[in-house]
$ cat my_file-v9.cif   # mmCIF, C-alpha atoms
data_run
#
loop_
_atom_site.group_PDB
_atom_site.id
_atom_site.type_symbol
_atom_site.label_atom_id
_atom_site.label_comp_id
_atom_site.auth_asym_id
_atom_site.auth_seq_id
_atom_site.Cartn_x
_atom_site.Cartn_y
_atom_site.Cartn_z
ATOM 1 C CA MET A 1 -212.655 -21.548 7.401
ATOM 2 C CA ALA A 2 -209.816 -23.658 6.000
ATOM 3 C CA GLU A 3 -207.131 -21.996 3.884
ATOM 4 C CA ARG A 4 -208.237 -23.913 0.777
ATOM 5 C CA ASP A 5 -211.767 -22.472 1.220
ATOM 6 C CA VAL A 6 -210.351 -18.962 1.573
ATOM 7 C CA GLU A 7 -208.300 -19.574 -1.570
ATOM 8 C CA ALA A 8 -211.354 -20.803 -3.501
ATOM 9 C CA ARG A 9 -213.248 -17.661 -2.444
ATOM 10 C CA LEU A 10 -210.441 -15.499 -3.802
ATOM 11 C CA VAL A 11 -210.307 -17.388 -7.117
ATOM 12 C CA ARG A 12 -214.087 -17.112 -7.617
ATOM 13 C CA GLY A 13 -214.091 -13.413 -6.767
ATOM 14 C CA VAL A 14 -211.219 -12.602 -9.116
ATOM 15 C CA ARG A 15 -212.975 -14.447 -11.954
ATOM 16 C CA LYS A 16 -216.115 -12.358 -11.338
ATOM 17 C CA LEU A 17 -213.955 -9.246 -11.811
ATOM 18 C CA GLY A 18 -212.760 -10.583 -15.174
ATOM 19 C CA GLY A 19 -209.339 -11.631 -13.945
ATOM 20 C CA VAL A 20 -207.282 -14.729 -13.366
ATOM 21 C CA CYS A 21 -205.826 -15.931 -10.093
ATOM 22 C CA TRP A 22 -202.894 -18.202 -10.790
ATOM 23 C CA LYS A 23 -201.352 -20.460 -8.200
ATOM 24 C CA TRP A 24 -197.717 -19.463 -7.879
ATOM 25 C CA VAL A 25 -195.332 -22.385 -7.613
ATOM 26 C CA SER A 26 -191.682 -21.517 -7.994
ATOM 27 C CA PRO A 27 -189.420 -24.569 -8.171
ATOM 28 C CA GLY A 28 -186.224 -23.908 -6.275
ATOM 29 C CA ARG A 29 -187.721 -20.878 -4.507
ATOM 30 C CA ARG A 30 -189.809 -21.472 -1.407
ATOM 31 C CA GLY A 31 -191.749 -18.766 0.381
ATOM 32 C CA VAL A 32 -193.387 -17.110 -2.637
ATOM 33 C CA PRO A 33 -196.953 -15.810 -2.214
ATOM 34 C CA ASP A 34 -199.768 -18.282 -2.918
ATOM 35 C CA ARG A 35 -201.365 -16.453 -5.836
ATOM 36 C CA ILE A 36 -200.694 -13.960 -8.605
ATOM 37 C CA VAL A 37 -203.824 -11.966 -9.438
ATOM 38 C CA LEU A 38 -204.075 -10.457 -12.930
ATOM 39 C CA LEU A 39 -207.051 -8.148 -13.400
ATOM 40 C CA PRO A 40 -208.229 -6.068 -16.357
ATOM 41 C CA HIS A 41 -206.457 -2.805 -17.201
ATOM 42 C CA GLY A 42 -203.068 -3.843 -15.836
ATOM 43 C CA VAL A 43 -203.952 -4.398 -12.188
ATOM 44 C CA VAL A 44 -201.589 -7.011 -10.708
ATOM 45 C CA ALA A 45 -201.342 -8.265 -7.127
ATOM 46 C CA PHE A 46 -199.399 -10.924 -5.246
ATOM 47 C CA VAL A 47 -201.487 -12.595 -2.535
ATOM 48 C CA GLU A 48 -200.552 -14.750 0.437
ATOM 49 C CA LEU A 49 -203.571 -16.443 2.011
ATOM 50 C CA LYS A 50 -203.862 -17.446 5.651
ATOM 51 C CA THR A 51 -206.577 -18.595 7.976
ATOM 52 C CA GLU A 52 -207.693 -15.951 10.447
ATOM 53 C CA ASP A 53 -205.143 -17.220 12.965
ATOM 54 C CA GLY A 54 -202.384 -18.155 10.495
ATOM 55 C CA ASP A 55 -198.819 -16.874 10.641
ATOM 56 C CA LEU A 56 -196.217 -15.983 8.040
ATOM 57 C CA SER A 57 -193.023 -17.988 8.105
ATOM 58 C CA PRO A 58 -189.686 -16.131 8.295
ATOM 59 C CA LEU A 59 -189.014 -17.208 4.691
ATOM 60 C CA GLN A 60 -192.357 -15.762 3.559
ATOM 61 C CA GLU A 61 -191.567 -12.497 5.343
ATOM 62 C CA MET A 62 -188.158 -12.328 3.664
ATOM 63 C CA THR A 63 -189.668 -12.991 0.234
ATOM 64 C CA MET A 64 -192.325 -10.337 0.808
ATOM 65 C CA ARG A 65 -189.640 -7.786 1.672
ATOM 66 C CA GLU A 66 -187.798 -8.719 -1.531
ATOM 67 C CA ILE A 67 -190.934 -8.294 -3.667
ATOM 68 C CA ASN A 68 -191.913 -5.069 -1.890
ATOM 69 C CA GLY A 69 -188.370 -3.754 -2.330
ATOM 70 C CA ARG A 70 -188.828 -4.010 -6.082
ATOM 71 C CA GLY A 71 -191.911 -1.809 -5.976
ATOM 72 C CA HIS A 72 -194.571 -4.528 -5.913
ATOM 73 C CA ARG A 73 -197.047 -5.176 -3.140
ATOM 74 C CA VAL A 74 -197.836 -8.483 -1.476
ATOM 75 C CA PHE A 75 -201.233 -8.640 0.184
ATOM 76 C CA VAL A 76 -201.568 -11.005 3.140
ATOM 77 C CA LEU A 77 -205.211 -11.939 3.575
ATOM 78 C CA TYR A 78 -206.325 -13.507 6.846
ATOM 79 C CA GLY A 79 -209.666 -15.257 6.334
ATOM 80 C CA ALA A 80 -212.763 -14.771 4.209
ATOM 81 C CA GLY A 81 -213.476 -11.233 5.433
ATOM 82 C CA ALA A 82 -210.064 -10.049 4.277
ATOM 83 C CA VAL A 83 -210.628 -11.698 0.882
ATOM 84 C CA ASP A 84 -213.941 -9.854 0.493
ATOM 85 C CA GLU A 85 -212.297 -6.530 1.396
ATOM 86 C CA PHE A 86 -209.428 -7.215 -1.021
ATOM 87 C CA LEU A 87 -211.883 -7.995 -3.839
ATOM 88 C CA ALA A 88 -213.784 -4.759 -3.197
ATOM 89 C CA ARG A 89 -210.528 -2.792 -3.426
ATOM 90 C CA CYS A 90 -209.585 -4.692 -6.586
ATOM 91 C CA GLN A 91 -212.878 -3.686 -8.147
ATOM 92 C CA GLU A 92 -212.138 -0.047 -7.280
ATOM 93 C CA ALA A 93 -208.614 -0.328 -8.736
ATOM 94 C CA VAL A 94 -209.887 -1.864 -11.973
ATOM 95 C CA GLU A 95 -212.481 0.890 -12.333
ATOM 96 C CA PHE A 96 -209.868 3.584 -11.631
ATOM 97 C CA MET A 97 -207.495 2.130 -14.217
ATOM 98 C CA ARG A 98 -210.291 1.775 -16.768
ATOM 99 C CA ARG A 99 -211.156 5.469 -16.395
ATOM 100 C CA SER A 100 -207.482 6.459 -16.475
ATOM 101 C CA ILE A 101 -206.717 4.831 -19.816
ATOM 102 C CA GLN A 102 -209.760 6.138 -21.698
#

$ encode --input "my_file-v9.cif" --output "structure tokens"
Amino acid sequence: MAERDVEARLVRGVRKLGGVCWKWVSPGRRGVPDRIVLLPHGVVAFVELKTEDGDLSPLQEMTMREINGRGHRVFVLYGAGAVDEFLARCQEAVEFMRRSIQ
């Protein structure tokens, strides 16, 4: 499956969870993750999408370390199966946060 198809699967799945999945373009800063996922109840994720056999560039790895070092997580999803697993975990996180703030 092409990366654009994997990306479309992620966007559709996030919408079904009531969230948005913005393309992240950062002028002057290459290597940022592909998407910022904003879900209900304050759940936020940075996502880098790859085909099942894709690789991270050294710049992407460096940027991920920088984001992770600030207490945020970058999820690297390899293929459609990883997107489906990520969406299932997002659903769990949204439900957990919903219960936590009631």

$ closest_residue --input "my_file-v9.cif" --among "A:Ala8, A:Leu17, A:Val43, A:Val32" --to "Ala80 in chain A" --atoms "only C-alpha atoms"
A:Ala8

$ closest_residue --input "my_file-v9.cif" --among "A:Met1, A:Cys90, A:Leu59, A:Ala82" --to "Ala45 in chain A" --atoms "all atoms listed in the file"
A:Cys90

$ resolve_selection --input "my_file-v9.cif" --expression "the PyMOL selection byres ((chain A and resi 63) around 10)" --output "list in words"
Arg29, Arg30, Gly31, Val32, Pro33, Ser57, Pro58, Leu59, Gln60, Glu61, Met62, Met64, Arg65, Glu66, Ile67, Asn68, Gly69 and Val74 of chain A

$ write_last_selection --input "my_file-v9.cif" --atoms "C-alpha atoms" --output "PDB file, keeping the file's coordinate frame"
ATOM      1  CA  ARG A  29    -187.721 -20.878  -4.507  1.00  0.00           C
ATOM      2  CA  ARG A  30    -189.809 -21.472  -1.407  1.00  0.00           C
ATOM      3  CA  GLY A  31    -191.749 -18.766   0.381  1.00  0.00           C
ATOM      4  CA  VAL A  32    -193.387 -17.110  -2.637  1.00  0.00           C
ATOM      5  CA  PRO A  33    -196.953 -15.810  -2.214  1.00  0.00           C
ATOM      6  CA  SER A  57    -193.023 -17.988   8.105  1.00  0.00           C
ATOM      7  CA  PRO A  58    -189.686 -16.131   8.295  1.00  0.00           C
ATOM      8  CA  LEU A  59    -189.014 -17.208   4.691  1.00  0.00           C
ATOM      9  CA  GLN A  60    -192.357 -15.762   3.559  1.00  0.00           C
ATOM     10  CA  GLU A  61    -191.567 -12.497   5.343  1.00  0.00           C
ATOM     11  CA  MET A  62    -188.158 -12.328   3.664  1.00  0.00           C
ATOM     12  CA  MET A  64    -192.325 -10.337   0.808  1.00  0.00           C
ATOM     13  CA  ARG A  65    -189.640  -7.786   1.672  1.00  0.00           C
ATOM     14  CA  GLU A  66    -187.798  -8.719  -1.531  1.00  0.00           C
ATOM     15  CA  ILE A  67    -190.934  -8.294  -3.667  1.00  0.00           C
ATOM     16  CA  ASN A  68    -191.913  -5.069  -1.890  1.00  0.00           C
ATOM     17  CA  GLY A  69    -188.370  -3.754  -2.330  1.00  0.00           C
ATOM     18  CA  VAL A  74    -197.836  -8.483  -1.476  1.00  0.00           C
TER      19      VAL A  74
END

$ closest_residue --input "my_file-v9.cif" --among "A:Glu95, A:Pro27, A:Gly79, A:Glu85" --to "Gly54 in chain A" --atoms "only C-alpha atoms"
A:Gly79

$ resolve_selection --input "my_file-v9.cif" --expression "the PyMOL selection byres ((chain A and resi 21) around 8)" --output "short mmCIF file (atom, residue, chain, number, x, y, z; two decimals) with C-alpha atoms, in the coordinates of the input"
data_model
loop_
_atom_site.label_atom_id
_atom_site.label_comp_id
_atom_site.auth_asym_id
_atom_site.auth_seq_id
_atom_site.Cartn_x
_atom_site.Cartn_y
_atom_site.Cartn_z
CA LEU A 10 -210.44 -15.50 -3.80
CA VAL A 11 -210.31 -17.39 -7.12
CA VAL A 14 -211.22 -12.60 -9.12
CA ARG A 15 -212.98 -14.45 -11.95
CA GLY A 19 -209.34 -11.63 -13.94
CA VAL A 20 -207.28 -14.73 -13.37
CA TRP A 22 -202.89 -18.20 -10.79
CA LYS A 23 -201.35 -20.46 -8.20
CA ARG A 35 -201.36 -16.45 -5.84
CA ILE A 36 -200.69 -13.96 -8.60
CA VAL A 37 -203.82 -11.97 -9.44
CA LEU A 38 -204.08 -10.46 -12.93
#

$ closest_residue --input "my_file-v9.cif" --among "A:Gly81, A:Asp5, A:Val94, A:Asp55" --to "Gly42 in chain A" --atoms "only C-alpha atoms"
A:Val94

$ atom_distance --input "my_file-v9.cif" --atom1 "CA of Val76 in chain A" --atom2 "CA of Glu48 in chain A"
4.7 Å

$ atom_distance --input "my_file-v9.cif" --atom1 "CA of Leu77 in chain A" --atom2 "CA of Pro40 in chain A"
21.0 Å

$ atom_distance --input "my_file-v9.cif" --atom1 "CA of Glu52 in chain A" --atom2 "CA of Ala88 in chain A"
18.7 Å

$ axis_aligned_box --input "my_file-v9.cif" --around "range 41-44 of chain A" --padding-each-side "8 Å" --output "AutoDock Vina command-line options"
--center_x -204.0 --center_y -4.9 --center_z -14.0 --size_x 20.9 --size_y 20.2 --size_z 22.5

$ closest_residue --input "my_file-v9.cif" --among "A:Asp34, A:Arg12, A:His41, A:Trp24" --to "Glu92 in chain A" --atoms "only C-alpha atoms"
A:His41

$ closest_residue --input "my_file-v9.cif" --among "A:Gly13, A:Arg4, A:Gly71, A:Gln91" --to "Phe46 in chain A" --atoms "only C-alpha atoms"
A:Gly71

$ decode --input "my_file-v9.cif" --residues "range 31-51 of chain A" --atoms "N, CA and C atoms" --output "compact mmCIF listing (two decimals), in the first residue's frame"
# COMPACT_ATOMS: atom_id res chain seq x y z
N GLY A 31 11.99 17.40 8.31
CA GLY A 31 12.09 16.24 9.18
C GLY A 31 11.00 16.12 10.22
N VAL A 32 10.01 17.04 10.21
CA VAL A 32 8.92 16.94 11.18
C VAL A 32 8.00 15.78 10.81
N PRO A 33 7.31 15.20 11.80
CA PRO A 33 6.37 14.12 11.49
C PRO A 33 5.30 14.56 10.49
N ASP A 34 4.72 13.59 9.79
CA ASP A 34 3.74 13.89 8.74
C ASP A 34 2.47 14.53 9.27
N ARG A 35 1.99 14.08 10.42
CA ARG A 35 0.67 14.47 10.89
C ARG A 35 0.66 14.81 12.38
N ILE A 36 -0.20 15.75 12.73
CA ILE A 36 -0.53 16.03 14.13
C ILE A 36 -1.98 15.57 14.31
N VAL A 37 -2.20 14.69 15.26
CA VAL A 37 -3.52 14.14 15.53
C VAL A 37 -4.06 14.78 16.81
N LEU A 38 -5.22 15.42 16.69
CA LEU A 38 -5.89 16.04 17.83
C LEU A 38 -7.22 15.33 18.03
N LEU A 39 -7.34 14.64 19.16
CA LEU A 39 -8.54 13.86 19.46
C LEU A 39 -9.29 14.49 20.62
N PRO A 40 -10.54 14.09 20.82
CA PRO A 40 -11.31 14.63 21.95
C PRO A 40 -10.61 14.38 23.29
N HIS A 41 -10.91 15.24 24.25
CA HIS A 41 -10.46 15.13 25.63
C HIS A 41 -8.95 15.29 25.78
N GLY A 42 -8.34 16.07 24.89
CA GLY A 42 -6.94 16.44 25.04
C GLY A 42 -5.92 15.42 24.59
N VAL A 43 -6.32 14.43 23.83
CA VAL A 43 -5.38 13.43 23.33
C VAL A 43 -4.71 13.98 22.07
N VAL A 44 -3.37 14.06 22.11
CA VAL A 44 -2.59 14.62 21.01
C VAL A 44 -1.48 13.62 20.65
N ALA A 45 -1.25 13.45 19.35
CA ALA A 45 -0.17 12.56 18.91
C ALA A 45 0.49 13.13 17.66
N PHE A 46 1.78 12.92 17.56
CA PHE A 46 2.54 13.23 16.35
C PHE A 46 2.76 11.90 15.63
N VAL A 47 2.52 11.87 14.32
CA VAL A 47 2.58 10.61 13.58
C VAL A 47 3.45 10.77 12.34
N GLU A 48 4.38 9.85 12.19
CA GLU A 48 5.17 9.71 10.96
C GLU A 48 4.69 8.44 10.28
N LEU A 49 4.30 8.55 9.03
CA LEU A 49 3.78 7.41 8.27
C LEU A 49 4.82 6.89 7.29
N LYS A 50 4.89 5.58 7.21
CA LYS A 50 5.80 4.91 6.28
C LYS A 50 5.10 3.72 5.65
N THR A 51 5.56 3.31 4.50
CA THR A 51 5.11 2.04 3.96
C THR A 51 5.70 0.95 4.85
